[in-house]
file query-v2.txt (compact mmCIF, C-alpha atoms)
# COMPACT_ATOMS: atom_id res chain seq x y z
CA MET A 1097 65.86 16.69 4.20
CA THR A 1098 62.15 17.06 5.01
CA THR A 1099 60.37 20.43 5.17
CA VAL A 1100 60.04 20.12 8.95
CA GLU A 1101 63.77 19.50 9.31
CA LEU A 1102 64.57 22.41 6.99
CA LEU A 1103 62.34 24.78 8.97
CA LYS A 1104 63.97 23.58 12.21
CA LEU A 1105 67.41 24.25 10.72
CA LEU A 1106 66.37 27.77 9.61
CA ARG A 1107 65.01 28.50 13.10
CA GLU A 1108 68.29 27.39 14.64
CA MET A 1109 70.36 29.37 12.13
CA SER A 1110 68.44 32.59 12.75
CA SER A 1111 68.59 32.10 16.53
CA PHE A 1112 72.33 31.45 16.27
CA ALA A 1113 72.81 34.61 14.14
CA ALA A 1114 70.80 36.80 16.54
CA ILE A 1115 72.62 35.53 19.65
CA TRP A 1116 76.08 35.63 18.07
CA LEU A 1117 75.65 39.15 16.72
CA SER A 1118 74.28 40.50 20.03
CA THR A 1119 77.11 38.89 22.04
CA TRP A 1120 79.72 40.10 19.53
CA LEU A 1121 78.50 43.71 19.79
CA LEU A 1122 78.16 43.54 23.57
CA LEU A 1123 81.73 42.22 24.00
CA PHE A 1124 83.05 44.81 21.54
CA GLY A 1125 81.29 47.50 23.61
CA CYS A 1126 83.22 46.28 26.69
CA LEU A 1127 86.50 46.33 24.72
CA TYR A 1128 85.72 49.84 23.44
CA LEU A 1129 85.37 51.08 27.02
CA VAL A 1130 88.54 49.35 28.28
CA TYR A 1131 90.74 50.05 25.23
CA PRO A 1132 91.82 53.63 26.10
CA HIS A 1133 93.48 52.22 29.26
CA LEU A 1134 95.24 49.41 27.34
CA ARG A 1135 96.55 51.81 24.68
CA LYS A 1136 99.12 53.30 27.05
CA LYS A 1137 100.61 49.82 27.67
CA LEU A 1138 100.79 49.09 23.92
CA ALA A 1139 102.87 52.19 23.24
CA ALA A 1140 105.65 50.83 25.49
CA TRP A 1141 105.99 47.59 23.49
CA HIS A 1142 107.88 46.82 20.29
CA PRO A 1143 105.54 47.73 17.38
CA ALA A 1144 105.47 44.11 16.07
CA THR A 1145 104.27 42.93 19.50
CA ALA A 1146 101.81 45.83 19.78
CA ALA A 1147 100.39 45.05 16.30
CA ASN A 1148 99.84 41.41 17.30
CA ALA A 1149 98.24 42.53 20.57
CA VAL A 1150 95.83 44.93 18.81
CA LEU A 1151 94.88 42.22 16.31
CA GLY A 1152 94.35 39.84 19.25
CA LEU A 1153 92.09 42.37 20.99
CA ILE A 1154 90.10 42.90 17.79
CA ALA A 1155 89.73 39.11 17.48
CA LEU A 1156 88.66 38.64 21.11
CA PRO A 1157 84.96 39.75 20.86
CA PHE A 1158 84.54 38.01 17.48
CA CYS A 1159 86.13 34.68 18.50
CA THR A 1160 84.72 34.59 22.04
CA SER A 1161 81.16 35.29 20.86
CA LEU A 1162 81.44 32.73 18.03
CA LEU A 1163 82.92 30.05 20.31
CA ALA A 1164 80.46 30.70 23.16
CA THR A 1165 77.45 30.65 20.79
CA SER A 1166 78.73 27.42 19.21
CA LEU A 1167 79.12 25.89 22.68
CA LEU A 1168 75.62 27.06 23.58
CA PHE A 1169 74.09 25.50 20.49
CA GLY A 1170 76.39 22.49 20.49
CA GLY A 1171 74.89 21.43 23.81
CA LEU A 1172 78.11 19.75 24.97
CA LEU A 1173 78.55 21.90 28.05
CA GLU A 1174 74.96 22.77 28.83
CA LEU A 1175 74.35 20.27 31.61
CA ASN A 1176 77.62 21.15 33.32
CA VAL A 1177 77.69 24.93 33.08
CA ILE A 1178 74.06 26.06 32.80
CA THR A 1179 72.33 26.62 36.11
CA LEU A 1180 68.88 25.14 36.49
CA HIS A 1181 65.99 27.51 35.99
CA HIS A 1182 62.45 27.28 34.72
CA HIS A 1183 63.28 24.37 32.38
CA SER A 1184 64.22 22.51 35.61
CA ALA A 1185 66.77 19.79 34.77
CA ASP A 1186 65.62 19.67 31.19
CA CYS A 1187 67.85 22.40 29.82
CA GLU A 1188 69.42 20.01 27.35
CA GLY A 1189 68.04 20.53 23.88
CA LYS A 1190 66.17 23.60 25.06
CA PHE A 1191 68.65 26.19 23.93
CA PRO A 1192 66.92 29.46 23.07
CA ARG A 1193 65.23 29.42 19.68
CA LEU A 1194 63.07 31.81 17.70
CA GLU A 1195 59.60 30.31 17.37
CA SER A 1196 57.76 32.54 14.89
CA TYR A 1197 58.67 31.91 11.25
CA TRP A 1198 58.15 35.59 10.39
CA THR A 1199 60.85 36.50 12.89
CA VAL A 1200 63.11 33.76 11.51
CA ALA A 1201 62.63 35.11 7.96
CA ALA A 1202 63.29 38.70 9.11
CA VAL A 1203 66.50 37.82 11.02
CA LEU A 1204 67.86 35.62 8.21
CA GLY A 1205 66.88 38.19 5.56
CA LEU A 1206 68.59 41.06 7.40
CA SER A 1207 71.72 38.96 8.05
CA ALA A 1208 71.90 37.92 4.39
CA LEU A 1209 71.38 41.53 3.23
CA ALA A 1210 74.10 42.86 5.56
CA LEU A 1211 76.55 40.12 4.51
CA THR A 1212 75.88 40.63 0.80
CA THR A 1213 76.29 44.41 1.07
CA MET A 1214 79.59 44.12 2.94
CA ALA A 1215 80.95 41.35 0.69
CA GLY A 1216 79.88 43.36 -2.39
CA LYS A 1217 81.70 46.45 -1.11
CA PHE A 1218 84.86 44.44 -0.50
CA VAL A 1219 84.77 42.74 -3.92
CA ARG A 1220 84.20 46.14 -5.61
CA HIS A 1221 87.33 47.52 -3.90
CA LEU A 1222 89.30 44.42 -4.85
CA LEU A 1223 88.28 44.59 -8.52
CA ALA A 1224 88.91 48.35 -8.69
CA ALA A 1225 92.42 47.82 -7.26
CA ARG A 1226 93.08 44.98 -9.73
CA GLU A 1227 92.04 47.21 -12.61
CA LEU A 1228 94.15 50.10 -11.30
CA ARG A 1229 97.18 47.82 -10.89
CA LYS A 1230 96.79 46.50 -14.44
CA HIS A 1231 96.64 50.05 -15.87
CA LEU A 1232 99.56 51.33 -13.80
CA MET A 1233 101.69 48.31 -14.77
CA SER A 1234 101.01 48.92 -18.46
CA LEU A 1235 101.88 52.63 -18.15
CA GLY A 1236 104.95 52.15 -15.95
CA GLU A 1237 108.40 50.74 -16.45
CA ARG A 1238 109.26 47.53 -14.60
CA ARG A 1239 112.46 47.64 -12.49
CA ARG A 1240 113.60 44.57 -10.49
CA ASP A 1241 110.83 44.35 -7.82
CA TRP A 1242 109.17 47.73 -8.32
CA CYS A 1243 107.57 49.80 -11.06
CA LEU A 1244 108.59 53.34 -12.11
CA LEU A 1245 105.73 55.64 -13.12
CA PRO A 1246 106.64 58.52 -15.48
CA ASN A 1247 104.86 61.31 -13.60
CA ASP A 1248 105.95 64.40 -11.63
CA GLU A 1249 103.64 63.69 -8.66
CA LYS A 1250 105.67 62.65 -5.59
CA LEU A 1251 104.22 59.29 -4.63
CA VAL A 1252 105.29 55.86 -3.44
CA PHE A 1253 102.71 53.18 -2.72
CA THR A 1254 101.99 49.46 -2.82
CA LEU A 1255 99.00 47.90 -4.45
CA GLY A 1256 97.86 44.33 -4.03
CA TRP A 1257 96.51 41.86 -1.57
CA VAL A 1258 98.53 38.64 -1.52
CA SER A 1259 101.47 39.76 -3.67
CA ASN A 1260 102.16 43.47 -3.37
CA ASP A 1261 103.49 45.61 -6.20
CA ILE A 1262 105.53 48.69 -5.35
CA PHE A 1263 105.04 51.83 -7.46
CA ILE A 1264 107.31 54.89 -7.35
CA THR A 1265 106.79 58.02 -9.44
CA GLU A 1266 109.66 59.78 -11.24
CA GLY A 1267 108.83 62.90 -9.19
CA MET A 1268 109.49 60.97 -5.98
CA LEU A 1269 112.56 59.22 -7.35
CA ARG A 1270 114.16 62.59 -8.23
CA GLU A 1271 113.82 63.67 -4.59
CA CYS A 1272 115.14 60.37 -3.15
CA SER A 1273 118.73 59.52 -2.45
CA GLU A 1274 119.90 55.93 -3.03
CA ARG A 1275 119.64 55.30 0.69
CA ASP A 1276 116.05 56.64 0.80
CA LEU A 1277 115.07 54.34 -2.05
CA ALA A 1278 116.69 51.33 -0.34
CA ILE A 1279 114.81 52.14 2.89
CA ILE A 1280 111.46 52.57 1.12
CA LEU A 1281 111.85 49.28 -0.76
CA GLU A 1282 112.94 47.45 2.41
CA HIS A 1283 109.88 48.82 4.25
CA GLU A 1284 107.54 47.65 1.50
CA ARG A 1285 109.22 44.23 1.35
CA ALA A 1286 108.68 43.93 5.12
CA HIS A 1287 104.92 44.46 4.53
CA ALA A 1288 104.92 41.66 1.98
CA ALA A 1289 106.96 39.31 4.22
CA ARG A 1290 104.69 39.96 7.23
CA ARG A 1291 101.54 39.57 5.06
CA ASP A 1292 100.21 42.80 6.55
CA ASN A 1293 97.39 43.21 4.04
CA LEU A 1294 96.06 39.86 5.22
CA ARG A 1295 96.26 41.07 8.85
CA ILE A 1296 94.28 44.20 8.00
CA LEU A 1297 91.74 42.16 6.05
CA THR A 1298 91.33 39.79 9.04
CA ALA A 1299 90.86 42.76 11.38
CA ARG A 1300 88.28 44.32 9.06
CA LEU A 1301 86.36 41.04 8.86
CA MET A 1302 86.37 40.75 12.65
CA LEU A 1303 84.98 44.28 12.90
CA LEU A 1304 82.37 43.88 10.14
CA ALA A 1305 79.41 44.18 12.48
CA VAL A 1306 80.88 47.16 14.33
CA PRO A 1307 80.03 50.70 13.16
CA THR A 1308 83.12 52.37 11.60
CA ARG A 1309 83.13 55.18 14.16
CA PHE A 1310 83.68 52.71 17.02
CA ALA A 1311 86.07 50.45 15.11
CA ARG A 1312 88.28 53.41 14.02
CA PRO A 1313 90.54 53.71 17.14
CA LEU A 1314 91.49 50.01 16.95
CA LEU A 1315 92.00 50.06 13.18
CA ASP A 1316 94.07 53.25 13.37
CA ASP A 1317 96.31 51.73 16.04
CA LEU A 1318 96.66 48.50 14.05
CA HIS A 1319 97.74 50.55 11.01
CA LEU A 1320 100.20 52.56 13.07
CA TYR A 1321 101.84 49.50 14.68
CA ILE A 1322 101.95 47.58 11.39
CA GLU A 1323 103.71 50.50 9.69
CA ALA A 1324 106.01 50.94 12.67
CA ALA A 1325 106.79 47.19 12.73
CA CYS A 1326 107.96 47.48 9.09
CA ASP A 1327 109.97 50.60 10.02
CA PHE A 1328 111.68 48.59 12.77
CA ALA A 1329 112.35 45.68 10.38
CA THR A 1330 113.96 48.21 8.00
CA ALA A 1331 115.85 49.80 10.88
CA ALA A 1332 117.54 46.47 11.65
CA LYS A 1333 119.37 46.84 8.32
CA HIS A 1334 119.62 50.62 7.84
CA GLY A 1335 119.52 52.05 11.38
CA ALA A 1336 116.50 53.53 13.18
CA LEU A 1337 117.55 57.18 12.79
CA ASN A 1338 118.21 56.77 9.05
CA VAL A 1339 114.70 55.35 8.61
CA ALA A 1340 113.27 58.22 10.68
CA GLU A 1341 115.12 60.76 8.50
CA THR A 1342 113.82 59.18 5.30
CA LEU A 1343 110.28 59.23 6.71
CA LEU A 1344 110.67 62.88 7.54
CA ARG A 1345 112.06 63.73 4.09
CA ILE A 1346 109.23 61.89 2.30
CA LEU A 1347 106.70 63.50 4.63
CA ARG A 1348 107.88 66.93 3.48
CA LEU A 1349 107.14 65.87 -0.12
CA VAL A 1350 103.52 64.78 0.44
CA PRO A 1351 101.35 66.43 -2.26
CA GLU A 1352 100.12 69.76 -0.96
CA ASN A 1353 97.99 70.95 -3.83
CA PHE A 1354 95.59 68.01 -3.97
CA ASP A 1355 91.94 68.96 -3.92
CA PHE A 1356 90.55 66.85 -1.04
CA ARG A 1357 87.04 65.76 -1.94
CA ASN A 1358 86.10 64.50 1.48
CA PRO A 1359 87.61 66.56 4.31
CA ALA A 1360 85.54 64.75 6.94
CA LEU A 1361 87.24 61.46 6.12
CA VAL A 1362 90.65 63.09 5.95
CA SER A 1363 90.31 64.54 9.43
CA ALA A 1364 89.01 61.23 10.77
CA PHE A 1365 92.08 59.49 9.43
CA THR A 1366 95.29 59.10 11.43
CA GLY A 1367 96.69 62.56 11.03
CA SER A 1368 99.57 61.91 13.39
CA GLU A 1369 100.52 58.42 12.18
CA ALA A 1370 103.82 59.44 10.56
CA GLU A 1371 104.73 61.60 13.56
CA SER A 1372 104.12 58.66 15.92
CA ARG A 1373 106.25 56.40 13.71
CA ILE A 1374 109.17 58.84 13.89
CA LEU A 1375 108.82 59.13 17.67
CA LEU A 1376 108.79 55.32 17.99
CA LEU A 1377 111.96 55.08 15.85
CA VAL A 1378 113.76 57.72 17.93
CA ASP A 1379 112.92 55.66 21.03
CA ALA A 1380 113.70 52.31 19.33
CA ASP A 1381 116.31 51.20 21.93
CA ASN A 1382 113.67 51.08 24.67
CA LYS A 1383 111.19 48.79 22.90
CA THR A 1384 111.08 45.14 23.85
CA GLN A 1385 109.64 42.43 21.65
CA LEU A 1386 107.65 39.67 23.35
CA GLU A 1387 108.22 36.07 22.26
CA PRO A 1388 105.20 34.43 20.58
CA TYR A 1389 104.71 32.00 23.51
CA ARG A 1390 103.80 35.01 25.70
CA PHE A 1391 100.51 35.13 23.76
CA TRP A 1392 99.41 31.65 24.92
CA PRO A 1393 97.59 33.09 27.97
CA PHE A 1394 95.50 35.04 25.48
CA LEU A 1395 94.17 31.77 23.97
CA LEU A 1396 93.48 30.32 27.42
CA MET A 1397 91.65 33.53 28.33
CA LEU A 1398 89.55 33.22 25.17
CA LEU A 1399 88.59 29.63 26.05
CA PHE A 1400 87.84 30.51 29.67
CA PHE A 1401 85.65 33.49 28.70
CA SER A 1402 83.80 31.43 26.11
CA VAL A 1403 82.91 28.69 28.60
CA ALA A 1404 82.05 31.21 31.32
CA LEU A 1405 79.75 33.01 28.90
CA VAL A 1406 77.56 30.00 28.08
CA ASP A 1407 75.38 30.21 31.19
CA PRO A 1408 74.63 33.97 31.16
CA MET A 1409 74.21 33.75 27.39
CA HIS A 1410 71.61 31.01 27.71
CA HIS A 1411 69.46 33.11 30.04
CA ALA A 1412 70.08 36.44 28.28
CA ALA A 1413 69.34 34.86 24.90
CA GLU A 1414 65.92 33.70 26.06
CA LEU A 1415 65.19 37.26 27.10
CA LEU A 1416 66.57 38.70 23.83
CA LEU A 1417 64.78 36.28 21.52
CA GLY A 1418 61.56 36.78 23.50
CA SER A 1419 61.90 40.55 22.98
CA ILE A 1420 62.60 40.14 19.24
CA GLN A 1421 59.50 37.97 18.85
CA ALA A 1422 57.40 40.39 20.87
CA ALA A 1423 58.62 43.24 18.63
CA PHE A 1424 57.53 41.37 15.49
CA MET B 832 95.06 51.75 -25.36
CA ALA B 833 98.70 50.89 -26.16
CA SER B 834 97.71 49.84 -29.70
CA VAL B 835 95.86 53.12 -30.27
CA TRP B 836 98.71 55.21 -28.86
CA ASN B 837 101.20 53.38 -31.09
CA LYS B 838 99.08 53.80 -34.23
CA PRO B 839 96.55 56.66 -34.12
CA GLY B 840 93.57 56.07 -36.42
CA ILE B 841 93.58 52.29 -35.95
CA GLU B 842 90.67 49.98 -36.86
CA ALA B 843 89.22 47.31 -34.53
CA LYS B 844 90.49 44.54 -36.84
CA GLU B 845 94.05 45.92 -36.63
CA VAL B 846 93.81 46.07 -32.81
CA GLN B 847 92.73 42.42 -32.85
CA GLU B 848 95.80 41.55 -34.96
CA VAL B 849 98.11 43.37 -32.54
CA LEU B 850 96.54 41.59 -29.56
CA ALA B 851 96.68 38.19 -31.28
CA ALA B 852 100.39 37.94 -30.45
CA ARG B 853 99.54 37.90 -26.71
CA GLN B 854 95.97 36.59 -26.41
CA HIS B 855 93.12 35.41 -28.58
CA SER B 856 90.20 37.86 -28.62
CA SER B 857 87.29 37.77 -31.04
CA LEU B 858 86.60 40.85 -33.18
CA SER B 859 83.34 41.51 -31.33
CA THR B 860 85.18 41.45 -27.96
CA VAL B 861 87.75 43.97 -29.28
CA GLN B 862 84.97 46.16 -30.74
CA SER B 863 82.97 46.19 -27.50
CA THR B 864 86.13 47.00 -25.49
CA LEU B 865 86.93 49.90 -27.83
CA GLU B 866 83.35 51.15 -27.55
CA ARG B 867 83.60 51.02 -23.76
CA LEU B 868 86.77 53.12 -23.92
CA VAL B 869 84.95 55.61 -26.19
CA ARG B 870 82.13 55.88 -23.64
CA LYS B 871 84.70 56.45 -20.87
CA GLY B 872 86.12 59.35 -22.91
CA LEU B 873 89.50 57.67 -23.41
CA LEU B 874 89.10 57.13 -27.19
CA GLU B 875 87.51 59.03 -30.05
CA ARG B 876 86.04 57.31 -33.10
CA GLU B 877 85.36 58.38 -36.65
CA LYS B 878 83.62 56.53 -39.49
CA ARG B 879 85.83 55.86 -42.54
CA ARG B 880 84.14 53.98 -45.37
CA HIS B 881 82.64 50.88 -43.69
CA ALA B 882 84.61 50.84 -40.45
CA PHE B 883 85.27 53.03 -37.44
CA ILE B 884 88.79 54.25 -36.78
CA TYR B 885 89.92 55.02 -33.25
CA THR B 886 92.29 57.65 -31.88
CA ALA B 887 93.29 58.31 -28.26
CA ALA B 888 91.46 61.18 -26.54
CA VAL B 889 94.07 61.26 -23.77
CA SER B 890 97.83 60.81 -23.87
CA ARG B 891 99.71 58.21 -21.78
CA ALA B 892 100.87 60.95 -19.43
CA GLU B 893 97.35 62.36 -19.00
CA LEU B 894 95.92 58.91 -18.26
CA LEU B 895 98.67 58.18 -15.74
CA GLY B 896 98.06 61.57 -14.10
CA LYS B 897 94.35 60.77 -13.81
CA LEU B 898 95.06 57.32 -12.33
CA LEU B 899 97.47 58.80 -9.78
CA LYS B 900 94.84 61.33 -8.72
CA ASP B 901 92.57 58.31 -8.08
CA VAL B 902 95.37 56.67 -6.04
CA ILE B 903 95.76 59.80 -3.88
CA ARG B 904 91.99 60.03 -3.39
CA LEU B 905 91.80 56.32 -2.41
CA LEU B 906 94.69 56.76 0.03
CA HIS B 907 92.84 59.68 1.58
CA ASP B 908 89.51 57.92 1.90
CA GLY B 909 91.19 55.02 3.66
CA SER B 910 88.48 52.59 2.57
CA PRO B 911 90.55 50.25 0.37
CA ASP B 912 93.40 50.08 2.91
CA THR B 913 93.50 46.29 2.64
CA ILE B 914 94.94 46.56 -0.88
CA LEU B 915 96.52 49.99 -1.16
CA SER B 916 99.02 51.61 1.17
CA SER B 917 101.69 54.26 0.88
CA PHE B 918 105.07 54.53 2.59
CA VAL B 919 103.90 57.79 4.12
CA ASN B 920 100.19 58.26 4.52
CA VAL B 921 99.07 61.16 2.32
CA ALA B 922 96.45 62.01 4.90
CA SER B 923 99.08 62.43 7.58
CA ARG B 924 100.35 65.85 6.60
CA ILE B 925 101.95 67.66 9.48
CA ASP B 926 102.66 71.37 9.55
CA GLY B 927 106.20 72.61 8.93
CA SER B 928 107.00 73.52 12.53
CA ALA B 929 106.08 70.03 13.78
CA LEU B 930 108.33 68.53 11.08
CA ASP B 931 111.18 70.85 12.17
CA HIS B 932 110.66 69.72 15.76
CA LEU B 933 110.86 66.06 14.69
CA GLU B 934 114.05 66.79 12.76
CA GLN B 935 115.61 68.40 15.85
CA LEU B 936 114.61 65.35 17.87
CA ILE B 937 116.35 63.00 15.40
CA GLN B 938 119.50 65.16 15.38
CA HIS B 939 119.51 65.28 19.20
CA LYS B 940 119.24 61.48 19.38
CA ARG B 941 122.01 61.10 16.77
CA ARG B 942 124.33 63.35 18.83
CA GLN B 943 123.51 61.36 21.98
CA LEU B 944 124.42 58.09 20.24
CA GLU B 945 127.65 59.56 18.84
CA GLU B 946 128.64 60.86 22.29
CA ALA B 947 127.91 57.44 23.82
CA GLU B 948 130.05 55.78 21.12
CA ASP B 949 132.89 58.25 21.80
CA ASP B 950 132.67 57.50 25.54
CA ASP B 951 132.83 53.74 24.85
CA GLY B 952 135.77 54.25 22.49

call {"tool": "encode", "arguments": {"input": "query-v2.txt", "output": "structure tokens"}}
result
Amino acid sequence: MTTVELLKLLREMSSFAAIWLSTWLLLFGCLYLVYPHLRKKLAAWHPATAANAVLGLIALPFCTSLLATSLLFGGLLELNVITLHHHSADCEGKFPRLESYWTVAAVLGLSALALTTMAGKFVRHLLAARELRKHLMSLGERRRDWCLLPNDEKLVFTLGWVSNDIFITEGMLRECSERDLAIILEHERAHAARRDNLRILTARLMLLAVPTRFARPLLDDLHLYIEAACDFATAAKHGALNVAETLLRILRLVPENFDFRNPALVSAFTGSEAESRILLLVDADNKTQLEPYRFWPFLLMLLFFSVALVDPMHHAAELLLGSIQAAF
Amino acid sequence: MASVWNKPGIEAKEVQEVLAARQHSSLSTVQSTLERLVRKGLLEREKRRHAFIYTAAVSRAELLGKLLKDVIRLLHDGSPDTILSSFVNVASRIDGSALDHLEQLIQHKRRQLEEAEDDDG
């Protein structure tokens, strides 16, 4: 590859990054405004359907912006969907591009920095969890598919990403009946079978560019419906009201004397998640699960939006990139 | 840590011998790991003749207690929620009266279902 070709590629990459990111944030802004109205509909659905719908909504700005930007730069649809303007009929090959190399360096540098920071944070969490799991496994006692921890704290949790390990403390086990334990283990197995950690990871990746404050309502709802979907999967075997009672009993055991280091984060977290799960279980008879084929219109909508976006994106991108260059 | 708990006052060479049954680690790797544990405050060391001997500064129970405090803190912060989750969110504490109300709701629903079953029967 010659230097000229390399510089051309860098210009295109930085232009692509700037347009994709702006479109992604703009579409997420639209979703953020509409979401409070959609939330009411979600609550009426079966939690497994609602969880898929929330994940689909989270994916919509990310996928649409990526697809539309790719179409814009791919040039396949330009002649058909882009209206003629000051390039006259010569729009082909004239997709918006950053011209100044300083701007290119700044955009690529900032993108690389943001990506490295976010990837670093994720890897740090992953390694810390791996280390924690290793230590807990060595201090605990392995039982069939869970691990007993000799401690009086009342806790039950899963740790892991692809394969989850379930940990239960002796303090919690003392308070649990056999039925409670069976329900807890069934719930955790449902998480593993549904690959919920992978769903949450996907959602987090698709919200990487979005400030946490704005992403929080969607992530909180995804968490709620994922937990509720596992409650419902458990309820199929143990009965919805039995699961609700176990939830309630465990909720009464939540550690009360823990010194919370970060009250701001605690209050921002889903304080009413467990309450909502119990209410959903009590109303379990009235929840309907949609078949997967009902989500096909979602994919068609994504394709339609992506194609429809190419023309306004072309013109808006010229304006945006012009402004970025003027700012530098 | 398990080697030190099992034999307080153990030398690095002895730890290497214990570990040899499971994995091969060079003496320098074992020594640097032990030193790291000393720096973390988990081990104490003392010089005896030409070698250091190591004893645990925390018991198994204390270490487990410390790790579980970390688990609770992580569950509260919510940041590593892709890898750690609890059956009931520790951050979702509800006051006693709300829990009582939920309990009444469950009992009410149970009675309704029982009555419906009786009617069907």

call {"tool": "closest_residue", "arguments": {"input": "query-v2.txt", "among": "B:Ile841, B:Leu868, B:Leu874, B:Met832", "to": "chain A", "atoms": "all atoms listed in the file"}}
result
B:Met832

call {"tool": "atom_distance", "arguments": {"input": "query-v2.txt", "atom1": "CA of Ile1374 (chain A)", "atom2": "CA of Ile1279 (chain A)"}}
result
14.1 Å

call {"tool": "residues_around", "arguments": {"input": "query-v2.txt", "residues": "Ala887 (chain B)", "least_positions_apart": "4", "cutoff": "7 Å", "atoms": "all atoms listed in the file", "output": "list of chain:residue names"}}
result
B:Val835, B:Trp836, B:Pro839, B:Leu873, B:Leu874, B:Glu875

call {"tool": "residues_near_point", "arguments": {"input": "query-v2.txt", "point": "(71.3, 36.7, 18.5)", "cutoff": "9 Å", "atoms": "all atoms listed in the file", "output": "PyMOL selection string"}}
result
chain A and resi 1110-1119+1165+1203+1413+1416-1417

call {"tool": "closest_residue", "arguments": {"input": "query-v2.txt", "among": "A:Thr1265, A:Thr1308, A:Thr1098, A:Asn1338", "to": "Ile937 (chain B)", "atoms": "only C-alpha atoms"}}
result
A:Asn1338

call {"tool": "atom_distance", "arguments": {"input": "query-v2.txt", "atom1": "CA of Leu1304 (chain A)", "atom2": "CA of Leu1211 (chain A)"}}
result
8.9 Å

call {"tool": "residues_around", "arguments": {"input": "query-v2.txt", "residues": "Glu866 (chain B)", "least_positions_apart": "2", "cutoff": "12 Å", "atoms": "only C-alpha atoms", "output": "list in words"}}
result
Met832, Glu842, Ala843, Ser859, Thr860, Val861, Gln862, Ser863, Thr864, Leu868, Val869, Arg870, Lys871, Gly872, Leu873, Leu874, Glu875, Arg876, Glu877, Phe883, Ile884, Tyr885 and Thr886 of chain B

call {"tool": "atom_distance", "arguments": {"input": "query-v2.txt", "atom1": "CA of Ala1324 (chain A)", "atom2": "CA of Pro1143 (chain A)"}}
result
5.7 Å

call {"tool": "residues_near_point", "arguments": {"input": "query-v2.txt", "point": "(96.0, 49.7, -11.0)", "cutoff": "10 Å", "atoms": "all atoms listed in the file", "output": "number ranges by chain"}}
result
A: 1223-1235, 1255-1256, 1261, 1263; B: 898-899, 901-902, 915

call {"tool": "closest_residue", "arguments": {"input": "query-v2.txt", "among": "A:Ser1196, A:Leu1105, A:Cys1159, A:Phe1124", "to": "Ile1420 (chain A)", "atoms": "only C-alpha atoms"}}
result
A:Ser1196
